[in-house]
Amino acid sequence: MSQFLWLIPALPLLGATINLLIGRRLPRAVSCWLAVAAMAAAFGAAVGAFLELLALPSDAQVIHQTLYQWVTVGKFSVDVGFWLDPLSAIMILVVTLVGTLIHIYAVGYMEHETDYARFFTQMNLFAFMMLMLVLADNYLLMFLGWEGVGLCSYLLIGFYYNRDNTAVGTDEKFLSPRSSGTKAFVVTRIGDFGFTLGIILMFWTFGSLSFGEVFHGAETMFQIGAPIITIMTLLMFLGATGKSAQLPLFVWLPDAMAGPTPVSALIHAATMVTAGVYMIGRSHVLYELAPATMAVVAVVGVLTAFIAATIALTQRDLKRVLAYSTVSQLGYMMLAMGIGAFSAGIFHLMTHAFFKALLFLSAGAVMHAMNDMVDMRRLGGLRKILPITFWTFLIGALALAGFPLFSGFFSKDEILSSAFTSGNVALWVVGVVTALLTAFYIFRAVSLTFGGKPRWKVGEVVTVQGAVASELDAHAAKGLHPHEAKWVMTLPLILLALGALFAGFLGMPAVLGENRLARFLEPVFQHETPHVSAELEWLLIGISAAAALVGIFIALRFYRGDAKTPARLAAYYPSLYKLLLNKYWIDQIYDALIARPGRWLANAFWLELDGKIINGIADGLGNAFRGFGNSLRSLQTGYMRGYALAMLIGVVVVIALLVMR
Amino acid sequence: MLLTLPEINLYPLLPALIPAVTAMLVMLADVLLPGKNKSWLALLALVGLAAASYFTVMLFGANLSAFNASIVADNFALGIALVILGAGAATILLSLDYLRARQLDLGEYLALLLGAVSGMILMALANDLIVIFLGLELFSLPLYVLSAFWRTNDRSLEAGMKYFLLGSFSSAFFLYGIALLYGATDATNLTKISAAASEPTVASNPMFLMGAALLIVGFGFKVGLAPFQWWIPDVYEGAPTPITAFMSVATKAAAFAAFFRAFMVAFPSAVVDWQFVLALLAVVSMTVGNVAALTQTNLKRMLAYSSIANAGYILIALVVGGQAGLSAALFYLAAYTVMNLGAFGGLVAMGQGDQERLTLDELAGAAQTKPWAAAAMAISLLSLAGFPPFAGFVAKFFVFGAAVNAGYVWLAVIGVLNSLVSVYYYLHPIVKMYMNPPAEGWAQAPARAPIFLAVAVIVAVLLTIAMGLFPGGMLNFAQAAMVK
């Protein structure tokens, strides 16, 4: 029994409740720092619980705490209970630590926002839901957190509901924050549908939803490759593709950048999108019984990583580059899950939480300094003006690119070498190519944002990649005096930069030291690292490092000075450039295939069936019912005869069905 | 022919009798006692409902029957009775200021409402087709009048008239069904029908089957199943909002109670294969309700289509049958009652004077002008959408869980798909209230919500949350066996 466990989600919930009820009446500072304090206290509790877990012998590292019985149906019951093992311990530490830093940063970032109480209520509530998701001891409670983070992200993405567009000084058309929120919600709901069906199937198969019983049942009742488990895991993976923005459901995440930047960092980089990865890691017992699903997960993951990286090559909006990079990195995590390298995936999840939160918050510092301008064609030359931001962004970029000894290097390398040593050479090749692309696009962003000459002065005509940016909105440029942000924003950047620098040393490859993280996670995954020779390991490390270095080098060469080469390339391959710039037209395809028929169906049901068709039939057969119709006509609606006729048809159908059978 | 008079035992009938007697007292007091402010009539009505609830609780577990087993006060019936009594009490609280703002007469209104409550409870207790029909007409007639109660409003009058005409139409089918069943089995008592139907010659008699089909039509009309749902959007939109709230929950509870009893007692599944037909109706109702609700801009209309969809979900529980189906249905009806009352209550609280804020555009930005009403509506709508941890989520979980356990996986899947669609329209008003600038013409200063209304809404919302977080206590109540 732990004294800290229940406090971890309870503290953010308390913070949210206070801010919800009386936040508006509190002074700004009290309301904001209350939310920060709730998160910091939750981090403290998480550390406490983590230490309790460490004190246990390594073969029994589980703390299980049941608060009460939630629902009972006959013999079947679901508890509200928490399950702390090494996997959830890492998750709560990451969520609360990164969450606390982002909350601190948000205090500075949202200093001009009048609706601060609403913002911090939703941020704390989001953290609560995420912690419920990772601490749940059964799938139903996990589902509560799963739906909860979806709802909170919907609210937070749409936070600037009265703005049409948050991007300033750009000619690109993006969805409004409100539509983006709705899009995120609707798209992830498609995944949730799969997850729900998976849970139903699980309930039907095992008669239980608690982790212990389901995993025990799976291990004792089923052989590897059992069809029911394959279907179940595929349905659950559909849920993961929604939440973790994988093909084909990743389209919501880039638009989710319409929310305030701390939201992008918290939800769409560090925590919520990792829910799908966590869920698969948590359900690894089931997934290991379904090799077919594992293959699907791996292929979807690596394709997502590749396609999102290619889209990121051409994006002009700084936050969108980061968004596609998130999609791509999540693809790496999925790849790790799919090849059974669970601890490598969780490792990458952890390092990614640090460096992606760092990148987003640094981008936010740029936006803060540049009056919300994020079009990279209009940035440039910020290295000297925003030195701290430059360095932190650079550290994040190096980590993302997989520059040797930075955190992302170790975690990405572990995934890639696992892919190679498990015999999936094709996956490994795509992964390495993607790593090269990753290094390229992030250093393109570094060059365009911080290098070169400033392109944000009034009247400057800019060409980047062959496209002329729109004449800079004089209003946006007026009074633009970029300056470094206050300490509440820079301090979290510096702390996260430390994480991005050093988190990788927790999981070093065997030739360099010891993989502490994998050893810590061993009781959960029982994963045996395949033994590889030192030479092969060095070779793989060398290839990963080379991919990163080559990518960085090309980017820096391309985007130095007036950057003519990219423009020439874009002009040379116009259709490829357009394909990437327009994100493979996936949004348009979805609109034509799903959204439009959906609207049509809804309209058809309401207008056509309810109104025209029924009344049309009524008019056609009207003579037969004229007497009845006439008596009703005094009601001046003309609808009643239609209703009565429709009912009569229903009567005939019901009688026919029942009597004929 | 020897007539034996049935023994008179009024005790199990008290839950229905007390509201009827209270209705008469209210009418008498309204006429006899002078005074302009008649709010205390509402107190009298509430006391009557409380007394009825007290006896309902006292009857729990006793499984009494009366009038030659044409009345059965088993736990299922009593559970439904409690839901109806609670809905009646909440409706009174919702109505007080609504009526005053429109200068409508309280005394008549209360008497009619209590009469409807009495009829509904009678229907829930009935174990005989004639008594079921009696209860059905006893609550339908006051509801026709109540729908048209705002007599200076054209929409209200139209609603009353439409409800009356289509209701009579469906009652005729129902009565014809009873006649056919009596012809085929020589009985109107459900238990006796079941006994007669065990003869294969009876069970395969088309007259018998047609009678059963016509009962489906009659019940289907009252609970609002497609394709008998046509009246619902028009009537729900036109009727005074508190009456809409009452109809949407109490009528459903009463009619479903009799629906369950008739089909689980009189037509055992081994005799008549009605599961397939009802499963089909459930699918059609869920789909029509949810899809049609998607494009609605008037909240009362949207909730009307939502009530059609919810009738479909509850019907799944009847298809499942057995103890699991019964308790799932009872829990669902109770949950639906509290969350729908919360939603409608929030809607009533949004209004100003005799103006109502019903369309999505009018509701825009309401979170700023009416934060508490908006919060109540948001929670209720989220619960209706099946979001954890509210009552609606647990209710859907029970119904779909029961369906899965009984092997109706396909039905559960269609149900889940439907509730996925429904999220979209339940969320729409929340988006409008919280993420839009305030609509013009509505007071900026938050007017204080009337106290009675506030009490009803707060209780409904608290129950919505409590039933989601701690369904255990409620579930013990819902483990209500039906005595056959």
# chains A, B, ... in the order shown; residues from 1 in each chain; ligands from 1
call {"tool": "residues_around", "arguments": {"residues": "stretch 287-295 of chain A", "least_positions_apart": "3", "cutoff": "9 Å", "atoms": "only C-alpha atoms", "output": "number ranges by chain"}}
result
A: 218-219, 222-227, 229-231, 233-234, 237, 280-281, 283-284, 298-300, 337-340
call {"tool": "select_by_dssp", "arguments": {"residues": "stretch 204-307 of chain A", "states": "alpha helix (DSSP H)", "output": "PyMOL selection string"}}
result
chain A and resi 204-206+211-221+227-243+252-255+261-265+275-282+284-288+291-307
call {"tool": "closest_residue", "arguments": {"among": "A:Leu53, A:Ile307, A:Leu20, A:Leu330", "to": "chain B", "atoms": "only C-alpha atoms"}}
result
A:Leu20
call {"tool": "atom_distance", "arguments": {"atom1": "atom CA of A:Arg163", "atom2": "atom CA of B:Pro371"}}
result
21.7 Å
